[in-house]
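Structure, as structure tokens:
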Amino acid sequence: MFDYSDERFADLQLLRYQLPGFEQLSLSQKRYIYALSQATLYGRDITFDQFGKHHLRIRKMLETIYTTTGIDHDTDEFKALEIYLKRIWFSNGIYHHYGCEKFQPGFSEDYLKDVISQIPVNKLPLRQDETIEALCEELFPVIFDPVVAPKRVNKNDGEDLVTTSSCNFYQDVSQQEAEEFYQRQKEQYHGEEPPSFGLNSTLVKHNGQIYEEVWHVGGRYTKAIEKIVYWLEEAKRFAENKHQERIIDHLVNYYRTGDLQSFNTYCKEWVSEHEGRIDFVNGFIEVYGDPLGLKGSWEGIVEYKDLEATKRTQTISQNAQWFEDHSPVDPRFRKKEVKGVTANVICAAMLGGDEYPSTAIGINLPNADWIRAEYGSKSITISNITDAYNKAAHGNGFKEEFVIDKETLLMIEKYGDICDDLHTDLHECLGHGSGQLLPGTDPDALKAYGNTIEEARADLFGLYYIADKKLVELGLTPDDEAYQSQYYTYIMNGLLTQLIRIQPGNQIEEAHMRNRALIAHWCYENGDTISLVKKDGKTFVRIRDYRELRQLFATLLAEIQRIKSEGDYEAARQLVERYAVNIDPVIHQEILERYQRLNLAPYKGFINPKLIPVRDAFGNITDIKVDYTEGYAEQMLRYSTEYGTLI
């Protein structure tokens with residue numbers, strides 16, 4: 001029996017995911033996946049550097065300590081250093097992967113200085129002519145001082161979000177300077193296919209001049225990008241069709257030039273390829289890691305279709321126009337013609353960058369609104385990842401602790417997995433692809449609130465339609481009551497259980513968590529169908545009328561779509577700040593105590609399978625073997641050695 005669970009430390013648990021059906025793929029398909037996987041793993045150092053300018057040196061320094069013989073591994077401080085390093089590996093840096101706050105080491109500065117002194121100088125990440133003292137002087141405040149670079153992404157209203165965020169997308173520029181820089185670029189552009197301004201660059205001010213350092217071959221991150229390009233071109237040899245070859249050509253051209261119009265061309269080609277079983281995402285994609293929502297964190301995922309499960313998502317995408325036409329939003333904001341909406345259930349074969357070790361369970365791309373409108377979008381739900389989550393959660397006592405009664409619990413056990421997957425499908429396939437901006441609306445008008453509003457829009461679309469009788473007619477839900485399981489768990493999560501991921505005294509920061517809090521608290525305050533009740537001294541969610549709750553979702557969806565379509569920044573700000581940020585400290589403390597008694601880890605991530613070429617006596621590759629035995633530390637150290645390009 002496959003063991004999904006693996007190592008656990010801090011607030012994290014590592015899981016494994018299987019590659020079902022991989023052995024049935026042809027050798028050419030396996031080699032295509034292998035080459036794309038290599039291209040995925042070579043982006044790792046980019047993500048580390050994007051998340052903090054000191055991260056690569058800190059990682060290298062601690063890995064050297066961790067692997068140096070002669071250092072006592074049995075002391076409490078070494079064990080604390082080991083946990084700190086494992087957290088760095090997990091988060092691609094020193095900031096929590098979800099909350100973005102800096103985590104504090106459990107070892108002292110004196111201890112770190114002592115073990116560094118035991119390491120040969122040539123093994124430390126020293127710059128030319130740099131001393132160990134200078135290395136410590138630069139890195140120690142970042143590691144140990146809680147007021148130095150405290151948050152990777154700061155979203156506090158009223159603060160300069162650029163200068164108070166420690167992500168490495170801006171150097172010596174203010175929020176106002178960055179916004180004005182990109183506003184000028186937009187004003188100077190008069191074409192019909194606008195680029196995603198700022199997506200693939202670091203914005204720098206030097207000697208009073210502001211300019212972009214573009215991420216491309218010959219520019220910033222060139223050593224990593226050159227390796228990515230090499231393996232993409234190797235993958236092209238095994239592509240399943242000519243269309244996939246063209247996609248790789250366009251992506252390589254974009255990496256070579258850094259030209260965002262080339263990225264547009266790549267996106268248009270990528271979104272229109274549907275024949276192959278294998279697909280991939282590779283590049284500077286999601287902008288959640290930038291407080292201004294402009295800069296793309298590097299990520300990679302290699303995938304192949306789950307043919308049986310894809311029948312479900314294809315049913316959804318084939319009816320996309322019906323869903324759009326019947327949406328409860330103002331008709332002005334609906335698409336008259338839904339183009340190119342495709343959805344697949346896939347198996348992840350390799351995760352990388354901002355998708356590793358923690359990964360999404362669904363993806364919808366491209367992100368540019370005009371490409372979605374004119375050319376469509378691709379949505380994926382990742383079946384082997386959700387399967388691993390479900391297997392790991394089975395019987396852990398979480399639902400029994402937080403669901404109000406046995407009747408509701410039985411309903412969730414009956415319908416929960418089906419409706420969880422279906423809501424993800426609706427969110428990714430239809431939600432993100434629905435609606436349209438009014439002519440002249442800047443797609444970045446909502447600024448720091450854009451990500452939260454967009455995720456809320458997609459979630460609300462899914463919540464509204466999961467209760468529709470159309471889904472029963474299409475065979476996607478078994479009956480008219482199944483949707484109630486999703487409504488209950490969603491509201492329970494938004495009001496209560498997602499608080500297990502927040503440290504006492506903190507606000508909600510992450511865009512997806514803000515989205516869920518916004519929806520749940522808005523519905524709680526603007527209707528009387530949701531209540532918080534006490535049973536045996538514990539707080540539970542009670543839903544009086546599920547159909548009434550659906551109407552609340554419809555009302556909020558209409559307003560959030562209006563905000564998005566019109567670019568109403570102030571309305572977005574008020575919604576998010578009122579409903580999505582603040583936490584009741586009394587309820588928070590109760591939820592944390594109840595969860596702690598379950599002895600569970602609130603966050604999960606994944607160890608990648610290892611893909612190993614099998615060769616004959618002449619060196620020819622005859623197969624690609626999948627190995628699931630590699631340990632977490634073993635994998636991370638191997639990745640740093642084999643795919644470390646920037647340090």
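For the structure tokens, the naming scheme is as follows: chains receive sequential letters (A, B, ...) according to their order of presentation, residues are indexed from 1 within each chain, and ligands are indexed from 1 in presentation order.
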Skip Leu14 in chain A itself and residues of its chain fewer than 3 positions away, then list as an MDAnalysis selection string all residues within 8 Å of it, counting only C-alpha atoms.
chainID A and resid 5:8 604:607 632
Residues of the last selection are to be written out with C-alpha atoms, as a PDB file, in the first residue's frame.
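result.pdb, written as the output of this step:
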ATOM      1  CA  SER A   5       2.476  10.643   4.671  1.00  0.00           C
ATOM      2  CA  ASP A   6       6.107  11.372   5.336  1.00  0.00           C
ATOM      3  CA  GLU A   7       8.089  13.710   7.575  1.00  0.00           C
ATOM      4  CA  ARG A   8       6.570  16.268   9.936  1.00  0.00           C
ATOM      5  CA  LYS A 604       0.996  20.162   3.847  1.00  0.00           C
ATOM      6  CA  GLY A 605       3.578  19.976   1.103  1.00  0.00           C
ATOM      7  CA  PHE A 606       5.014  17.343  -1.206  1.00  0.00           C
ATOM      8  CA  ILE A 607       8.158  15.414  -1.926  1.00  0.00           C
ATOM      9  CA  TYR A 632      12.852  15.232   2.192  1.00  0.00           C
TER      10      TYR A 632
END
Find the residues of range 396-514 of chain A that sit at most 10 Å from range 361-375 of chain A; for each, write down the nearest two atoms and how far apart they are in Å, to one decimal. Count only C-alpha atoms. Sort by chain, then by number going up, and give it as JSON lines.
{"residue": "A:Asp421", "atom": "CA", "partner": "A:Ile361", "partner_atom": "CA", "distance": 9.2}
{"residue": "A:Thr424", "atom": "CA", "partner": "A:Gly362", "partner_atom": "CA", "distance": 6.4}
{"residue": "A:Asp425", "atom": "CA", "partner": "A:Gly362", "partner_atom": "CA", "distance": 7.5}
{"residue": "A:His427", "atom": "CA", "partner": "A:Gly362", "partner_atom": "CA", "distance": 8.5}
{"residue": "A:Glu428", "atom": "CA", "partner": "A:Asn364", "partner_atom": "CA", "distance": 5.1}
{"residue": "A:Cys429", "atom": "CA", "partner": "A:Asn364", "partner_atom": "CA", "distance": 6.6}
{"residue": "A:Leu430", "atom": "CA", "partner": "A:Asn364", "partner_atom": "CA", "distance": 9.2}
{"residue": "A:Gly431", "atom": "CA", "partner": "A:Asn364", "partner_atom": "CA", "distance": 9.3}
{"residue": "A:His432", "atom": "CA", "partner": "A:Asn364", "partner_atom": "CA", "distance": 6.8}
{"residue": "A:Gly433", "atom": "CA", "partner": "A:Arg372", "partner_atom": "CA", "distance": 6.4}
{"residue": "A:Ser434", "atom": "CA", "partner": "A:Ala373", "partner_atom": "CA", "distance": 8.8}
{"residue": "A:Gly435", "atom": "CA", "partner": "A:Ala373", "partner_atom": "CA", "distance": 8.7}
{"residue": "A:Gln436", "atom": "CA", "partner": "A:Ala373", "partner_atom": "CA", "distance": 7.2}
{"residue": "A:Leu437", "atom": "CA", "partner": "A:Asp369", "partner_atom": "CA", "distance": 7.9}
{"residue": "A:Pro443", "atom": "CA", "partner": "A:Asp369", "partner_atom": "CA", "distance": 7.1}
Let me see the file: selected residues, N, CA and C atoms, as a CSV table (one decimal), in the first residue's frame.
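File written: result.csv
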chain,number,residue,atom,x,y,z
A,421,ASP,N,-13.9,18.6,-5.1
A,421,ASP,CA,-13.4,18.5,-6.5
A,421,ASP,C,-14.2,19.4,-7.4
A,424,THR,N,-13.6,23.1,-7.0
A,424,THR,CA,-12.3,23.5,-7.6
A,424,THR,C,-12.5,23.6,-9.1
A,425,ASP,N,-13.1,22.6,-9.7
A,425,ASP,CA,-13.3,22.7,-11.2
A,425,ASP,C,-14.1,23.9,-11.6
A,427,HIS,N,-14.4,26.7,-9.9
A,427,HIS,CA,-13.6,27.9,-9.6
A,427,HIS,C,-12.6,28.1,-10.7
A,428,GLU,N,-11.8,27.1,-11.1
A,428,GLU,CA,-10.8,27.3,-12.1
A,428,GLU,C,-11.3,27.4,-13.5
A,429,CYS,N,-12.2,26.5,-13.9
A,429,CYS,CA,-12.6,26.4,-15.2
A,429,CYS,C,-13.5,27.5,-15.6
A,430,LEU,N,-14.5,27.8,-14.8
A,430,LEU,CA,-15.5,28.8,-15.1
A,430,LEU,C,-15.3,30.1,-14.4
A,431,GLY,N,-15.0,30.1,-13.1
A,431,GLY,CA,-15.0,31.3,-12.3
A,431,GLY,C,-13.9,32.3,-12.8
A,432,HIS,N,-12.7,31.8,-12.9
A,432,HIS,CA,-11.7,32.8,-13.4
A,432,HIS,C,-11.9,33.2,-14.8
A,433,GLY,N,-12.5,32.3,-15.6
A,433,GLY,CA,-12.7,32.6,-17.0
A,433,GLY,C,-14.0,33.4,-17.3
A,434,SER,N,-14.8,33.7,-16.2
A,434,SER,CA,-16.1,34.3,-16.4
A,434,SER,C,-16.0,35.8,-16.4
A,435,GLY,N,-17.0,36.5,-16.9
A,435,GLY,CA,-17.1,37.9,-16.8
A,435,GLY,C,-16.2,38.7,-17.7
A,436,GLN,N,-16.3,40.0,-17.7
A,436,GLN,CA,-15.4,40.8,-18.6
A,436,GLN,C,-15.3,42.2,-18.0
A,437,LEU,N,-14.1,42.8,-18.3
A,437,LEU,CA,-13.9,44.2,-17.9
A,437,LEU,C,-14.7,45.1,-18.8
A,443,PRO,N,-6.8,46.5,-16.0
A,443,PRO,CA,-6.8,45.3,-15.3
A,443,PRO,C,-6.1,45.3,-14.0
Check range 291-502 of chain A with DSSP on the backbone and list each residue it calls helix (DSSP H, G or I), as number ranges by chain.
A: 307-318, 320-325, 331-333, 369-375, 383-393, 398-402, 406-431, 447-466, 469-473, 483-495, 497-501
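Of the listed residues (A:Asp479, A:Ala348, A:Arg334, A:Asn620), A:Arg334 comes nearest to Trp322 in chain A; the distances count only C-alpha atoms.
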DSSP strand (DSSP E or B) selection over range 112-347 of chain A, as a PyMOL selection string:
chain A and resi 151+170-171+201-206+209-215+220+278-284+298-305+341-347
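Of the listed residues A:Tyr304, A:Phe333, A:Tyr579, A:Phe78, the one whose atoms come nearest to Glu566 in chain A is A:Phe333, with distances taken using only C-alpha atoms.
In this model, the gap between CA of Asn344 in chain A and CA of Pro357 in chain A comes to 22.3 Å.
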Which residue of A:Val115, A:Asp3, A:Tyr288, A:Arg256 approaches His73 in chain A most closely, using only C-alpha atoms
A:Val115
One number please: CA of Lys53 in chain A to CA of Ser166 in chain A, in Å, one decimal.
8.2 Å
CA of Phe140 in chain A and CA of Asp72 in chain A, how far apart in Å?
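Those two atoms sit 21.4 Å apart.
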Neighbour list for Leu56 in chain A as a PyMOL selection string, cut-off 12 Å, only C-alpha atoms, skip fewer than 3 positions in-chain:
chain A and resi 44-53+59-63+85+88-89+92-94+124-126+139+168+640+644-647
Taking 2 positions as the minimum chain separation for residues in the same chain, which residues sit within 10 Å of Phe181 in chain A when counting only C-alpha atoms? Answer as a PDB file with all heavy atoms, in the first residue's frame.
ATOM      1  N   GLN A 175       6.545  52.552  -3.256  1.00  0.00           N
ATOM      2  CA  GLN A 175       5.313  52.114  -3.904  1.00  0.00           C
ATOM      3  C   GLN A 175       4.854  53.142  -4.926  1.00  0.00           C
ATOM      4  O   GLN A 175       4.472  52.790  -6.046  1.00  0.00           O
ATOM      5  CB  GLN A 175       4.217  51.896  -2.855  1.00  0.00           C
ATOM      6  CG  GLN A 175       2.879  51.476  -3.460  1.00  0.00           C
ATOM      7  CD  GLN A 175       1.820  51.205  -2.405  1.00  0.00           C
ATOM      8  OE1 GLN A 175       2.111  51.113  -1.213  1.00  0.00           O
ATOM      9  NE2 GLN A 175       0.577  51.082  -2.822  1.00  0.00           N
ATOM     10  N   GLN A 176       4.898  54.418  -4.550  1.00  0.00           N
ATOM     11  CA  GLN A 176       4.456  55.459  -5.473  1.00  0.00           C
ATOM     12  C   GLN A 176       5.319  55.477  -6.734  1.00  0.00           C
ATOM     13  O   GLN A 176       4.803  55.588  -7.849  1.00  0.00           O
ATOM     14  CB  GLN A 176       4.500  56.827  -4.793  1.00  0.00           C
ATOM     15  CG  GLN A 176       4.034  57.970  -5.689  1.00  0.00           C
ATOM     16  CD  GLN A 176       4.029  59.309  -4.982  1.00  0.00           C
ATOM     17  OE1 GLN A 176       4.076  59.381  -3.758  1.00  0.00           O
ATOM     18  NE2 GLN A 176       3.980  60.389  -5.747  1.00  0.00           N
ATOM     19  N   GLU A 177       6.639  55.353  -6.569  1.00  0.00           N
ATOM     20  CA  GLU A 177       7.527  55.355  -7.730  1.00  0.00           C
ATOM     21  C   GLU A 177       7.255  54.165  -8.641  1.00  0.00           C
ATOM     22  O   GLU A 177       7.255  54.297  -9.873  1.00  0.00           O
ATOM     23  CB  GLU A 177       8.987  55.341  -7.267  1.00  0.00           C
ATOM     24  CG  GLU A 177       9.442  56.655  -6.660  1.00  0.00           C
ATOM     25  CD  GLU A 177      10.826  56.569  -6.045  1.00  0.00           C
ATOM     26  OE1 GLU A 177      11.170  55.485  -5.497  1.00  0.00           O
ATOM     27  OE2 GLU A 177      11.575  57.568  -6.097  1.00  0.00           O
ATOM     28  N   ALA A 178       7.024  52.995  -8.033  1.00  0.00           N
ATOM     29  CA  ALA A 178       6.752  51.799  -8.841  1.00  0.00           C
ATOM     30  C   ALA A 178       5.429  51.945  -9.599  1.00  0.00           C
ATOM     31  O   ALA A 178       5.342  51.644 -10.794  1.00  0.00           O
ATOM     32  CB  ALA A 178       6.720  50.561  -7.953  1.00  0.00           C
ATOM     33  N   GLU A 179       4.391  52.410  -8.914  1.00  0.00           N
ATOM     34  CA  GLU A 179       3.099  52.557  -9.566  1.00  0.00           C
ATOM     35  C   GLU A 179       3.154  53.598 -10.682  1.00  0.00           C
ATOM     36  O   GLU A 179       2.573  53.407 -11.762  1.00  0.00           O
ATOM     37  CB  GLU A 179       2.041  52.926  -8.531  1.00  0.00           C
ATOM     38  CG  GLU A 179       1.713  51.774  -7.591  1.00  0.00           C
ATOM     39  CD  GLU A 179       0.737  52.135  -6.489  1.00  0.00           C
ATOM     40  OE1 GLU A 179       0.533  53.342  -6.254  1.00  0.00           O
ATOM     41  OE2 GLU A 179       0.183  51.216  -5.865  1.00  0.00           O
ATOM     42  N   GLN A 183       2.466  52.951 -14.611  1.00  0.00           N
ATOM     43  CA  GLN A 183       1.378  53.718 -15.190  1.00  0.00           C
ATOM     44  C   GLN A 183       1.837  54.444 -16.452  1.00  0.00           C
ATOM     45  O   GLN A 183       1.107  54.519 -17.442  1.00  0.00           O
ATOM     46  CB  GLN A 183       0.829  54.723 -14.169  1.00  0.00           C
ATOM     47  CG  GLN A 183      -0.402  55.478 -14.647  1.00  0.00           C
ATOM     48  CD  GLN A 183      -1.561  54.568 -15.001  1.00  0.00           C
ATOM     49  OE1 GLN A 183      -1.814  53.569 -14.318  1.00  0.00           O
ATOM     50  NE2 GLN A 183      -2.265  54.893 -16.078  1.00  0.00           N
ATOM     51  N   ARG A 184       3.064  54.965 -16.435  1.00  0.00           N
ATOM     52  CA  ARG A 184       3.607  55.620 -17.629  1.00  0.00           C
ATOM     53  C   ARG A 184       3.734  54.630 -18.781  1.00  0.00           C
ATOM     54  O   ARG A 184       3.450  54.963 -19.940  1.00  0.00           O
ATOM     55  CB  ARG A 184       4.972  56.249 -17.321  1.00  0.00           C
ATOM     56  CG  ARG A 184       4.903  57.525 -16.502  1.00  0.00           C
ATOM     57  CD  ARG A 184       6.222  58.266 -16.524  1.00  0.00           C
ATOM     58  NE  ARG A 184       7.304  57.493 -15.932  1.00  0.00           N
ATOM     59  CZ  ARG A 184       7.612  57.521 -14.637  1.00  0.00           C
ATOM     60  NH1 ARG A 184       6.901  58.287 -13.796  1.00  0.00           N
ATOM     61  NH2 ARG A 184       8.609  56.800 -14.170  1.00  0.00           N
ATOM     62  N   GLN A 185       4.166  53.396 -18.482  1.00  0.00           N
ATOM     63  CA  GLN A 185       4.274  52.391 -19.533  1.00  0.00           C
ATOM     64  C   GLN A 185       2.906  52.099 -20.158  1.00  0.00           C
ATOM     65  O   GLN A 185       2.782  51.974 -21.381  1.00  0.00           O
ATOM     66  CB  GLN A 185       4.884  51.102 -18.977  1.00  0.00           C
ATOM     67  CG  GLN A 185       6.369  51.195 -18.661  1.00  0.00           C
ATOM     68  CD  GLN A 185       6.986  49.831 -18.430  1.00  0.00           C
ATOM     69  OE1 GLN A 185       6.292  48.826 -18.310  1.00  0.00           O
ATOM     70  NE2 GLN A 185       8.304  49.780 -18.364  1.00  0.00           N
ATOM     71  N   LYS A 186       1.892  52.006 -19.314  1.00  0.00           N
ATOM     72  CA  LYS A 186       0.544  51.740 -19.833  1.00  0.00           C
ATOM     73  C   LYS A 186       0.050  52.895 -20.700  1.00  0.00           C
ATOM     74  O   LYS A 186      -0.575  52.681 -21.742  1.00  0.00           O
ATOM     75  CB  LYS A 186      -0.419  51.493 -18.676  1.00  0.00           C
ATOM     76  CG  LYS A 186      -0.159  50.202 -17.919  1.00  0.00           C
ATOM     77  CD  LYS A 186      -1.075  50.076 -16.716  1.00  0.00           C
ATOM     78  CE  LYS A 186      -0.756  48.823 -15.917  1.00  0.00           C
ATOM     79  NZ  LYS A 186      -1.602  48.703 -14.712  1.00  0.00           N
ATOM     80  N   PHE A 197       2.770  44.372 -17.964  1.00  0.00           N
ATOM     81  CA  PHE A 197       3.868  45.253 -17.588  1.00  0.00           C
ATOM     82  C   PHE A 197       4.454  44.862 -16.230  1.00  0.00           C
ATOM     83  O   PHE A 197       3.734  44.697 -15.252  1.00  0.00           O
ATOM     84  CB  PHE A 197       3.389  46.707 -17.540  1.00  0.00           C
ATOM     85  CG  PHE A 197       3.007  47.266 -18.878  1.00  0.00           C
ATOM     86  CD1 PHE A 197       1.677  47.483 -19.200  1.00  0.00           C
ATOM     87  CD2 PHE A 197       3.975  47.560 -19.817  1.00  0.00           C
ATOM     88  CE1 PHE A 197       1.313  47.993 -20.439  1.00  0.00           C
ATOM     89  CE2 PHE A 197       3.628  48.069 -21.061  1.00  0.00           C
ATOM     90  CZ  PHE A 197       2.292  48.285 -21.378  1.00  0.00           C
ATOM     91  N   GLY A 198       5.785  44.722 -16.211  1.00  0.00           N
ATOM     92  CA  GLY A 198       6.488  44.431 -14.970  1.00  0.00           C
ATOM     93  C   GLY A 198       6.567  42.980 -14.596  1.00  0.00           C
ATOM     94  O   GLY A 198       7.185  42.635 -13.587  1.00  0.00           O
ATOM     95  N   LEU A 203      12.519  45.938 -10.514  1.00  0.00           N
ATOM     96  CA  LEU A 203      12.521  47.390 -10.699  1.00  0.00           C
ATOM     97  C   LEU A 203      13.559  47.993  -9.762  1.00  0.00           C
ATOM     98  O   LEU A 203      13.487  47.805  -8.541  1.00  0.00           O
ATOM     99  CB  LEU A 203      11.142  47.971 -10.413  1.00  0.00           C
ATOM    100  CG  LEU A 203      10.940  49.434 -10.820  1.00  0.00           C
ATOM    101  CD1 LEU A 203      11.071  49.600 -12.331  1.00  0.00           C
ATOM    102  CD2 LEU A 203       9.584  49.947 -10.349  1.00  0.00           C
ATOM    103  N   ILE A 210      15.324  55.138 -12.450  1.00  0.00           N
ATOM    104  CA  ILE A 210      14.547  53.918 -12.236  1.00  0.00           C
ATOM    105  C   ILE A 210      14.477  53.144 -13.547  1.00  0.00           C
ATOM    106  O   ILE A 210      14.143  53.699 -14.594  1.00  0.00           O
ATOM    107  CB  ILE A 210      13.125  54.250 -11.737  1.00  0.00           C
ATOM    108  CG1 ILE A 210      13.194  54.988 -10.391  1.00  0.00           C
ATOM    109  CG2 ILE A 210      12.297  52.971 -11.590  1.00  0.00           C
ATOM    110  CD1 ILE A 210      11.846  55.409  -9.847  1.00  0.00           C
ATOM    111  N   TYR A 211      14.816  51.867 -13.492  1.00  0.00           N
ATOM    112  CA  TYR A 211      14.812  51.028 -14.680  1.00  0.00           C
ATOM    113  C   TYR A 211      14.553  49.585 -14.277  1.00  0.00           C
ATOM    114  O   TYR A 211      14.580  49.234 -13.093  1.00  0.00           O
ATOM    115  CB  TYR A 211      16.145  51.134 -15.432  1.00  0.00           C
ATOM    116  CG  TYR A 211      17.353  50.739 -14.601  1.00  0.00           C
ATOM    117  CD1 TYR A 211      17.850  49.437 -14.625  1.00  0.00           C
ATOM    118  CD2 TYR A 211      17.999  51.673 -13.791  1.00  0.00           C
ATOM    119  CE1 TYR A 211      18.948  49.069 -13.864  1.00  0.00           C
ATOM    120  CE2 TYR A 211      19.095  51.318 -13.028  1.00  0.00           C
ATOM    121  CZ  TYR A 211      19.564  50.021 -13.063  1.00  0.00           C
ATOM    122  OH  TYR A 211      20.655  49.656 -12.306  1.00  0.00           O
ATOM    123  N   GLU A 212      14.305  48.751 -15.291  1.00  0.00           N
ATOM    124  CA  GLU A 212      14.021  47.342 -15.059  1.00  0.00           C
ATOM    125  C   GLU A 212      15.232  46.475 -15.395  1.00  0.00           C
ATOM    126  O   GLU A 212      15.849  46.659 -16.446  1.00  0.00           O
ATOM    127  CB  GLU A 212      12.844  46.881 -15.921  1.00  0.00           C
ATOM    128  CG  GLU A 212      11.513  47.458 -15.511  1.00  0.00           C
ATOM    129  CD  GLU A 212      10.384  46.938 -16.377  1.00  0.00           C
ATOM    130  OE1 GLU A 212      10.409  47.197 -17.596  1.00  0.00           O
ATOM    131  OE2 GLU A 212       9.478  46.268 -15.840  1.00  0.00           O
TER     132      GLU A 212
END
Nearest to Phe461 in chain A: which of A:His394, A:Arg547, A:Lys311, A:His326 is it, counting only C-alpha atoms?
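Among A:His394, A:Arg547, A:Lys311, A:His326, it is A:His326 that comes nearest to Phe461 in chain A.
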Would you pick out the contacts of Trp298 in chain A at 9 Å or less, using only C-alpha atoms, so that residues sharing its chain but fewer than 2 positions from it are not included, and give the list as a list in words?
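Listed by chain and then number, they are Gly43, Arg44, Ile46, Thr47, Gln50, Asn282, Gly283, Phe284, Ile285, Glu286, Gly296, Gly300, Gly352, Gly353, Asp354 and Glu355 of chain A.
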Give me the residues near Arg573 in chain A as a list in words, where near means some atom within 9 Å (using only C-alpha atoms) and where sequence neighbours in that chain fewer than 5 positions away do not count.
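Residues near the query, excluding close chain neighbours: Asp157, Leu446, Ala448, Tyr449, Asp568 and Arg578 of chain A.
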